[in-house]
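Chemist: Coordinates in query-v2.cif, mmCIF, C-alpha atoms, are listed below.
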```cif
data_entry
loop_
_atom_site.label_atom_id
_atom_site.label_comp_id
_atom_site.auth_asym_id
_atom_site.auth_seq_id
_atom_site.Cartn_x
_atom_site.Cartn_y
_atom_site.Cartn_z
CA MET A 1 -5.20 12.80 38.00
CA ALA A 2 -2.56 10.10 37.63
CA TRP A 3 -5.14 7.83 36.00
CA LYS A 4 -5.99 10.58 33.52
CA VAL A 5 -2.33 11.05 32.63
CA ARG A 6 -1.84 7.32 32.10
CA GLY A 7 -5.04 7.17 30.06
CA MET A 8 -4.01 10.06 27.81
CA THR A 9 -0.53 8.61 27.37
CA TYR A 10 -2.04 5.28 26.35
CA VAL A 11 -4.33 6.98 23.82
CA LEU A 12 -1.45 8.95 22.32
CA GLN A 13 0.65 5.78 22.13
CA GLN A 14 -2.06 3.98 20.20
CA LEU A 15 -2.45 7.02 17.95
CA ILE A 16 1.26 6.89 17.08
CA ASN A 17 1.03 3.15 16.37
CA GLY A 18 -2.06 3.68 14.23
CA VAL A 19 -0.50 6.47 12.18
CA ALA A 20 2.56 4.30 11.49
CA LEU A 21 0.29 1.52 10.24
CA GLY A 22 -1.74 4.05 8.27
CA PHE A 23 1.37 5.16 6.39
CA VAL A 24 1.88 1.58 5.17
CA TYR A 25 -1.77 1.34 4.11
CA ALA A 26 -1.39 4.63 2.25
CA LEU A 27 1.40 3.24 0.08
CA ILE A 28 -0.93 0.42 -1.00
CA ALA A 29 -4.10 2.53 -1.26
CA LEU A 30 -2.50 5.07 -3.59
CA GLY A 31 -1.89 2.31 -6.14
CA TYR A 32 -5.55 1.32 -6.01
CA THR A 33 -6.77 4.87 -6.43
CA MET A 34 -4.34 5.81 -9.24
CA VAL A 35 -5.23 2.77 -11.34
CA TYR A 36 -8.94 3.27 -10.77
CA GLY A 37 -8.68 6.96 -11.61
CA ILE A 38 -7.16 6.21 -15.02
CA VAL A 39 -8.66 2.91 -16.22
CA ARG A 40 -11.63 2.52 -13.82
CA LEU A 41 -10.26 -0.86 -12.70
CA ILE A 42 -10.13 -2.22 -9.16
CA ASN A 43 -6.84 -4.10 -9.32
CA PHE A 44 -7.46 -6.75 -6.64
CA ALA A 45 -4.02 -8.20 -7.36
CA HIS A 46 -2.44 -5.08 -5.87
CA GLY A 47 -2.40 -6.55 -2.35
CA ASP A 48 -0.48 -9.53 -3.69
CA VAL A 49 2.06 -7.24 -5.34
CA PHE A 50 2.54 -5.84 -1.83
CA MET A 51 3.22 -9.42 -0.68
CA VAL A 52 5.75 -9.99 -3.45
CA GLY A 53 7.52 -6.78 -2.37
CA ALA A 54 7.95 -8.17 1.14
CA PHE A 55 9.48 -11.39 -0.23
CA LEU A 56 11.76 -9.54 -2.65
CA GLY A 57 13.03 -7.47 0.26
CA PHE A 58 13.66 -10.68 2.19
CA PHE A 59 15.68 -12.22 -0.66
CA VAL A 60 17.74 -9.04 -1.07
CA LEU A 61 18.55 -9.04 2.65
CA ARG A 62 19.39 -12.73 2.60
CA ALA A 63 21.68 -12.29 -0.40
CA LEU A 64 23.50 -9.29 1.06
CA GLY A 65 23.55 -9.86 4.79
CA GLY A 66 22.35 -13.34 5.50
CA VAL A 67 19.21 -14.21 7.45
CA ALA A 68 20.78 -13.46 10.84
CA LEU A 69 21.47 -9.73 10.93
CA THR A 70 22.20 -9.41 14.63
CA GLY A 71 25.29 -7.37 15.41
CA VAL A 72 25.01 -5.27 12.27
CA SER A 73 25.80 -1.59 12.85
CA TRP A 74 23.00 0.91 12.41
CA LEU A 75 24.64 2.38 9.31
CA ASP A 76 25.13 -1.02 7.66
CA GLY A 77 21.58 -1.95 8.67
CA LEU A 78 20.21 1.22 7.12
CA ILE A 79 22.09 0.57 3.88
CA LEU A 80 20.76 -3.00 3.77
CA PHE A 81 17.27 -1.70 4.41
CA ILE A 82 17.52 0.85 1.58
CA LEU A 83 18.82 -1.80 -0.83
CA ALA A 84 15.97 -4.14 0.14
CA LEU A 85 13.53 -1.28 -0.38
CA LEU A 86 14.90 -0.45 -3.83
CA GLY A 87 15.00 -4.12 -4.85
CA ALA A 88 11.37 -4.60 -3.85
CA MET A 89 10.26 -1.42 -5.64
CA ILE A 90 12.04 -2.32 -8.87
CA GLY A 91 10.88 -5.95 -8.81
CA CYS A 92 7.25 -5.03 -8.12
CA THR A 93 7.32 -2.39 -10.85
CA VAL A 94 8.46 -4.96 -13.42
CA LEU A 95 5.90 -7.47 -12.15
CA ASN A 96 2.93 -5.10 -12.27
CA VAL A 97 3.80 -3.67 -15.69
CA THR A 98 4.04 -7.23 -17.00
CA ILE A 99 0.66 -8.09 -15.46
CA GLU A 100 -0.88 -4.99 -17.03
CA ARG A 101 0.47 -5.78 -20.48
CA ILE A 102 -0.49 -9.47 -20.42
CA ALA A 103 -3.74 -9.54 -18.43
CA TYR A 104 -5.33 -6.08 -18.47
CA LYS A 105 -4.32 -4.38 -21.71
CA PRO A 106 -6.19 -6.88 -23.97
CA LEU A 107 -9.35 -6.10 -21.94
CA ARG A 108 -8.98 -2.32 -22.15
CA ASN A 109 -12.23 -1.94 -24.13
CA ALA A 110 -14.02 -4.97 -22.67
CA PRO A 111 -16.86 -4.68 -20.12
CA ARG A 112 -15.61 -3.77 -16.64
CA ILE A 113 -16.78 -7.06 -15.18
CA ALA A 114 -14.32 -8.91 -17.43
CA ALA A 115 -11.38 -6.88 -16.16
CA LEU A 116 -12.58 -7.25 -12.57
CA ILE A 117 -12.77 -11.05 -12.83
CA THR A 118 -9.33 -11.06 -14.45
CA ALA A 119 -7.95 -9.04 -11.54
CA ILE A 120 -9.33 -11.60 -9.08
CA GLY A 121 -7.80 -14.38 -11.17
CA VAL A 122 -4.39 -12.66 -11.21
CA SER A 123 -4.64 -12.24 -7.43
CA LEU A 124 -5.30 -15.96 -6.90
CA PHE A 125 -2.54 -16.87 -9.34
CA LEU A 126 0.00 -14.79 -7.41
CA GLU A 127 -1.11 -16.18 -4.04
CA TYR A 128 -1.09 -19.85 -4.98
CA GLY A 129 1.68 -19.63 -7.57
CA THR A 130 4.13 -18.08 -5.13
CA SER A 131 3.25 -20.66 -2.46
CA LEU A 132 4.84 -23.41 -4.58
CA LYS A 133 7.96 -24.84 -2.99
CA PHE A 134 10.24 -23.73 -5.83
CA VAL A 135 8.97 -20.12 -5.65
CA PHE A 136 8.45 -18.64 -2.16
CA GLY A 137 7.07 -21.72 -0.43
CA PRO A 138 3.92 -22.27 1.65
CA ASN A 139 5.46 -21.71 5.10
CA TYR A 140 5.75 -18.66 7.29
CA ILE A 141 9.18 -17.01 7.10
CA THR A 142 10.75 -14.86 9.79
CA TYR A 143 11.74 -11.57 8.23
CA PRO A 144 15.27 -10.38 9.12
CA THR A 145 15.13 -6.82 10.43
CA PRO A 146 18.33 -4.96 9.48
CA LEU A 147 17.44 -1.90 11.58
CA PRO A 148 18.61 -1.86 15.20
CA SER A 149 15.96 -2.40 17.86
CA VAL A 150 16.08 1.08 19.39
CA THR A 151 13.19 2.65 21.28
CA TRP A 152 12.99 6.20 22.62
CA ASN A 153 10.87 7.18 25.58
CA LEU A 154 9.41 10.68 25.21
CA ALA A 155 7.14 11.81 28.04
CA GLY A 156 5.98 8.25 28.55
CA LEU A 157 5.50 7.58 24.83
CA ARG A 158 7.54 4.77 23.27
CA ILE A 159 8.68 5.46 19.72
CA SER A 160 10.79 2.85 17.95
CA MET A 161 13.31 3.43 15.21
CA ILE A 162 11.21 1.23 12.92
CA GLN A 163 8.22 3.56 13.37
CA VAL A 164 10.38 6.59 12.60
CA VAL A 165 11.82 4.94 9.50
CA ILE A 166 8.33 3.95 8.31
CA ALA A 167 7.09 7.52 8.72
CA VAL A 168 10.12 9.08 7.02
CA VAL A 169 10.21 6.65 4.08
CA ALA A 170 6.44 6.82 3.55
CA LEU A 171 6.41 10.63 3.63
CA LEU A 172 9.32 10.85 1.19
CA LEU A 173 7.59 8.46 -1.22
CA LEU A 174 4.27 10.29 -0.89
CA LEU A 175 5.92 13.67 -1.54
CA THR A 176 7.75 12.20 -4.54
CA LEU A 177 4.46 10.85 -5.87
CA ASN A 178 2.81 14.24 -5.39
CA TYR A 179 5.66 15.92 -7.30
CA ILE A 180 5.46 13.40 -10.15
CA VAL A 181 1.69 13.75 -10.54
CA ARG A 182 1.58 17.54 -10.27
CA TYR A 183 4.77 18.86 -11.83
CA THR A 184 6.14 16.38 -14.37
CA LYS A 185 5.19 15.73 -17.96
CA ILE A 186 4.16 12.15 -17.29
CA GLY A 187 2.12 13.36 -14.32
CA LYS A 188 0.21 15.76 -16.56
CA ALA A 189 -0.35 12.88 -18.96
CA MET A 190 -1.72 10.81 -16.08
CA ARG A 191 -4.15 13.55 -15.08
CA ALA A 192 -5.23 14.11 -18.67
CA THR A 193 -5.79 10.38 -19.22
CA ALA A 194 -7.80 10.15 -16.02
CA PHE A 195 -9.97 13.10 -17.10
CA ASP A 196 -10.67 11.97 -20.68
CA ARG A 197 -8.76 9.12 -22.30
CA ASP A 198 -9.94 9.81 -25.86
CA ALA A 199 -9.18 13.52 -25.63
CA ALA A 200 -5.74 12.69 -24.25
CA ARG A 201 -5.05 10.55 -27.33
CA LEU A 202 -6.11 13.40 -29.60
CA MET A 203 -3.64 15.67 -27.82
CA GLY A 204 -0.79 13.27 -28.66
CA ILE A 205 -0.50 11.54 -25.29
CA ASP A 206 0.61 7.90 -25.38
CA VAL A 207 -2.25 6.55 -23.28
CA ASP A 208 -0.94 2.96 -23.20
CA LEU A 209 2.46 4.12 -21.93
CA THR A 210 0.77 6.35 -19.35
CA ILE A 211 -1.35 3.49 -18.04
CA SER A 212 1.68 1.19 -17.82
CA PHE A 213 3.59 3.90 -15.96
CA THR A 214 0.70 4.27 -13.52
CA PHE A 215 0.67 0.53 -12.83
CA GLY A 216 4.43 0.58 -12.32
CA LEU A 217 4.34 3.61 -10.03
CA GLY A 218 1.61 2.10 -7.88
CA ALA A 219 3.53 -1.18 -7.69
CA ALA A 220 6.70 0.59 -6.57
CA LEU A 221 4.80 2.12 -3.67
CA ALA A 222 3.22 -1.24 -2.81
CA GLY A 223 6.64 -2.94 -2.88
CA ALA A 224 8.01 -0.33 -0.49
CA GLY A 225 4.95 -0.84 1.69
CA GLY A 226 5.63 -4.58 1.76
CA VAL A 227 9.18 -4.07 3.05
CA LEU A 228 8.02 -1.53 5.67
CA TYR A 229 5.20 -3.81 6.83
CA ALA A 230 7.50 -6.84 7.07
CA THR A 231 10.06 -4.78 8.99
CA ALA A 232 7.43 -3.78 11.54
CA TYR A 233 5.70 -7.19 11.65
CA PRO A 234 8.56 -9.60 10.85
CA ARG A 235 6.69 -12.64 9.57
CA ILE A 236 5.80 -13.10 5.92
CA TYR A 237 3.85 -15.68 3.92
CA THR A 238 2.26 -15.80 0.49
CA PHE A 239 -1.26 -14.90 1.64
CA MET A 240 -0.17 -11.93 3.75
CA GLY A 241 -1.37 -9.40 1.17
CA ILE A 242 -5.07 -10.28 1.34
CA ILE A 243 -6.12 -8.42 4.49
CA PRO A 244 -3.80 -5.39 4.12
CA GLY A 245 -4.86 -5.16 0.48
CA LEU A 246 -8.55 -5.18 1.39
CA LYS A 247 -8.01 -2.60 4.11
CA ALA A 248 -6.02 -0.36 1.79
CA PHE A 249 -8.76 -0.66 -0.82
CA THR A 250 -11.30 0.19 1.87
CA ALA A 251 -9.17 3.20 2.83
CA ALA A 252 -9.13 4.36 -0.80
CA VAL A 253 -12.93 4.07 -1.00
CA LEU A 254 -13.27 5.76 2.37
CA GLY A 255 -11.25 8.75 1.20
CA GLY A 256 -12.90 8.81 -2.22
CA ILE A 257 -11.67 6.38 -4.86
CA GLY A 258 -9.64 8.25 -7.47
CA SER A 259 -8.50 10.94 -5.01
CA LEU A 260 -4.85 10.82 -3.89
CA PRO A 261 -5.37 13.01 -0.78
CA GLY A 262 -8.45 10.93 0.00
CA ALA A 263 -6.48 7.69 -0.13
CA PHE A 264 -3.88 9.13 2.23
CA VAL A 265 -6.39 10.45 4.77
CA GLY A 266 -8.51 7.31 4.53
CA SER A 267 -5.44 5.17 5.21
CA LEU A 268 -4.55 7.13 8.33
CA ILE A 269 -8.13 6.78 9.58
CA MET A 270 -8.02 3.05 8.84
CA GLY A 271 -4.71 2.56 10.65
CA VAL A 272 -5.78 4.50 13.75
CA ALA A 273 -9.17 2.75 13.85
CA GLU A 274 -7.60 -0.70 13.56
CA VAL A 275 -5.00 -0.13 16.27
CA GLY A 276 -7.57 1.55 18.52
CA ALA A 277 -10.01 -1.33 18.15
CA LYS A 278 -7.24 -3.88 18.66
CA SER A 279 -6.20 -2.19 21.90
CA VAL A 280 -9.75 -2.51 23.22
CA TYR A 281 -10.67 -5.96 21.89
CA SER A 282 -8.37 -7.60 19.36
CA THR A 283 -11.02 -9.52 17.41
CA LEU A 284 -12.82 -6.25 16.63
CA ALA A 285 -9.90 -4.77 14.68
CA ASP A 286 -10.91 -5.91 11.20
CA GLY A 287 -14.64 -5.41 11.76
CA VAL A 288 -14.35 -1.83 13.03
CA ALA A 289 -12.35 -0.77 9.99
CA PHE A 290 -15.08 -1.91 7.61
CA LEU A 291 -17.82 -0.59 9.88
CA ILE A 292 -16.34 2.90 9.53
CA LEU A 293 -16.45 2.48 5.76
CA ILE A 294 -20.14 1.52 5.85
CA VAL A 295 -21.03 4.51 8.03
CA VAL A 296 -19.10 6.97 5.86
CA LEU A 297 -20.58 5.63 2.63
CA LEU A 298 -24.09 5.87 4.08
CA VAL A 299 -23.48 9.51 4.95
CA LYS A 300 -21.25 10.44 1.98
CA PRO A 301 -21.37 7.74 -0.73
CA ALA A 302 -18.57 9.30 -2.80
CA GLY A 303 -16.16 9.13 0.14
CA LEU A 304 -14.59 11.94 2.14
CA PHE A 305 -12.81 13.59 -0.80
CA GLY A 306 -14.76 12.05 -3.67
CA ARG A 307 -17.07 13.84 -6.05
CA HIS A 308 -20.35 12.60 -7.43
CA GLU A 309 -20.10 11.81 -11.13
CA VAL A 310 -22.97 11.91 -13.58
CA GLU A 311 -22.81 9.16 -16.21
CA LYS A 312 -24.76 9.12 -19.47
CA VAL A 313 -26.96 6.10 -19.94
#
```
Transcribe the structure of this file into structure tokens.
Modeler:
Amino acid sequence: MAWKVRGMTYVLQQLINGVALGFVYALIALGYTMVYGIVRLINFAHGDVFMVGAFLGFFVLRALGGVALTGVSWLDGLILFILALLGAMIGCTVLNVTIERIAYKPLRNAPRIAALITAIGVSLFLEYGTSLKFVFGPNYITYPTPLPSVTWNLAGLRISMIQVVIAVVALLLLLTLNYIVRYTKIGKAMRATAFDRDAARLMGIDVDLTISFTFGLGAALAGAGGVLYATAYPRIYTFMGIIPGLKAFTAAVLGGIGSLPGAFVGSLIMGVAEVGAKSVYSTLADGVAFLILIVVLLVKPAGLFGRHEVEKV
């Protein structure tokens, strides 16, 4: 009986860890799925925007509190964390809107393969460009965590303050996104543009502005995700966005690319699967995540929440 209790406690602990990671993936995956839903573009540079968000948060913390944040009160630490979060969100928004205007907008009516190759090129440019010594540098950087290292023990389950903050911030951002998409004027414009871009133009919607707003909104979420990820795993470098970006994209496809609820559910599945696999055998973590995607797509090619679309030839 004692073994069963310890086993169940261990499973629940890994479930909590996986959900916390899944929330971070969700902030990245929603950017993928929103952009794809409107312009049918897989923005492979989105993972690198996530990386830039982590670095922007680092520079905000360094400017405000220094690199060594030990001894900071929990209130001061929370304020520093919020400022880093806002700085990363604003910086990533500006960056992604600029990328959209310079790299993607001229290819709006070009074949999809051209935009896809451009997205890969932008991704490589961000990775190698930021690794220059006068930008972010090529070395690993220890991320200063402004939040106090507090852990609560509830019935044998260990829950850290960082996990709680990740869950709260992610849920607030996801609820805000849901409100924007469903109940605001720009949200209605986003849904109309995603449904039929030409018809949206005929109805007086500024499609170019709507697309830029979508890129900016997705980047803000990715920037927040970068700060949350770096707070939980305090080591950043310029290629850190590759694997989380691929996993978030996989989560978006798993849930049904173009579906916001699908991206959220797919991210939670991805986070739990990764942590569960890592707890059994660490080298399986990345492989299991993509194996789940293959199985789901074989059974339901459109994803869990996706719908089959009929295209005219």
Chemist: Closest to A:Ile120 among A:Ile242, A:Ile16, A:Val94, A:Ala192, using only C-alpha atoms?
Modeler: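 Smallest distance to A:Ile120 is found for A:Ile242.
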Chemist: Can you list what the PyMOL selection byres ((chain A and resi 22) around 7) grabs from this structure, as a tab-separated table (two decimals) with C-alpha atoms, in the frame of the given file?
Modeler:
```
chain	number	residue	atom	x	y	z
A	18	GLY	CA	-2.06	3.68	14.23
A	19	VAL	CA	-0.50	6.47	12.18
A	20	ALA	CA	2.56	4.30	11.49
A	21	LEU	CA	0.29	1.52	10.24
A	23	PHE	CA	1.37	5.16	6.39
A	24	VAL	CA	1.88	1.58	5.17
A	25	TYR	CA	-1.77	1.34	4.11
A	26	ALA	CA	-1.39	4.63	2.25
A	267	SER	CA	-5.44	5.17	5.21
A	268	LEU	CA	-4.55	7.13	8.33
A	270	MET	CA	-8.02	3.05	8.84
A	271	GLY	CA	-4.71	2.56	10.65
A	272	VAL	CA	-5.78	4.50	13.75
```
Chemist: Can you give me, as JSON, numbers by chain, the residues this file yields under the PyMOL selection byres ((chain A and resi 232-236) around 6)?
Modeler: {"A": [140, 141, 142, 143, 229, 230, 231, 237]}
Chemist: Could you name the residues that touch A:Gly225 at 12 Å or less, counting all atoms listed in the file, but leaving out those on the same chain fewer than 5 positions away, as a ChimeraX atom specification?
Modeler: /A:20-31,46-57,84-86,88-89,92,165-167,169-171,173-174,218-220,230-233,241,244-245,248
Chemist: Under the PyMOL selection byres ((chain A and resi 138) around 12), which residues of this model are included? Write them out as a list of chain:residue names.
Modeler: A:Glu127, A:Tyr128, A:Gly129, A:Thr130, A:Ser131, A:Leu132, A:Lys133, A:Phe134, A:Val135, A:Phe136, A:Gly137, A:Asn139, A:Tyr140, A:Ile141, A:Ile236, A:Tyr237, A:Thr238, A:Phe239, A:Met240
Chemist: Counting all atoms listed in the file, which of A:Tyr36, A:Tyr281, A:Phe264, A:Phe58 gets nearest to A:Thr193?
Modeler: A:Tyr36
Chemist: Counting all atoms listed in the file, figure out which residue out of A:Leu228, A:Ile162, A:Leu61, A:Ile42 gets nearest to A:Ala114.
Modeler: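 Looking at the shortest contact to A:Ala114, the residue is A:Ile42.
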Chemist: Work out how far apart atom CA of A:Val35 and atom CA of A:Val164 are and give it in Å to one decimal.
Modeler: 28.8 Å
Chemist: Between A:Leu15, A:Leu175, A:Val295, A:Ala155, which one has atoms that come closest to A:Leu260, using only C-alpha atoms?
Modeler: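 Ranking A:Leu15, A:Leu175, A:Val295, A:Ala155 by distance to A:Leu260, first place goes to A:Leu175.
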Chemist: One decimal, Å: what's the distance from atom CA of A:Tyr104 over to atom CA of A:Ile243, could you say?
Modeler: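 Distance reported for this atom pair: 23.1 Å.
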Chemist: Could you check the closest approach to A:Ile269 for each of A:Leu177, A:Leu246, A:Leu298, A:Leu304 and tell me which residue wins, using only C-alpha atoms?
Modeler: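 Ranking A:Leu177, A:Leu246, A:Leu298, A:Leu304 by distance to A:Ile269, first place goes to A:Leu304.
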Chemist: For A:Thr118, which of A:Ile180, A:Ile79, A:Phe44, A:Asn153 is the closest residue, counting all atoms listed in the file?
Modeler: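 Between A:Ile180, A:Ile79, A:Phe44, A:Asn153, the residue approaching A:Thr118 most closely is A:Phe44.
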Chemist: What does the distance from atom CA of A:Lys300 to atom CA of A:Asp286 come to in Å, to one decimal?
Modeler: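 Spanning atom CA of A:Lys300 to atom CA of A:Asp286 is a straight-line distance of 21.4 Å.
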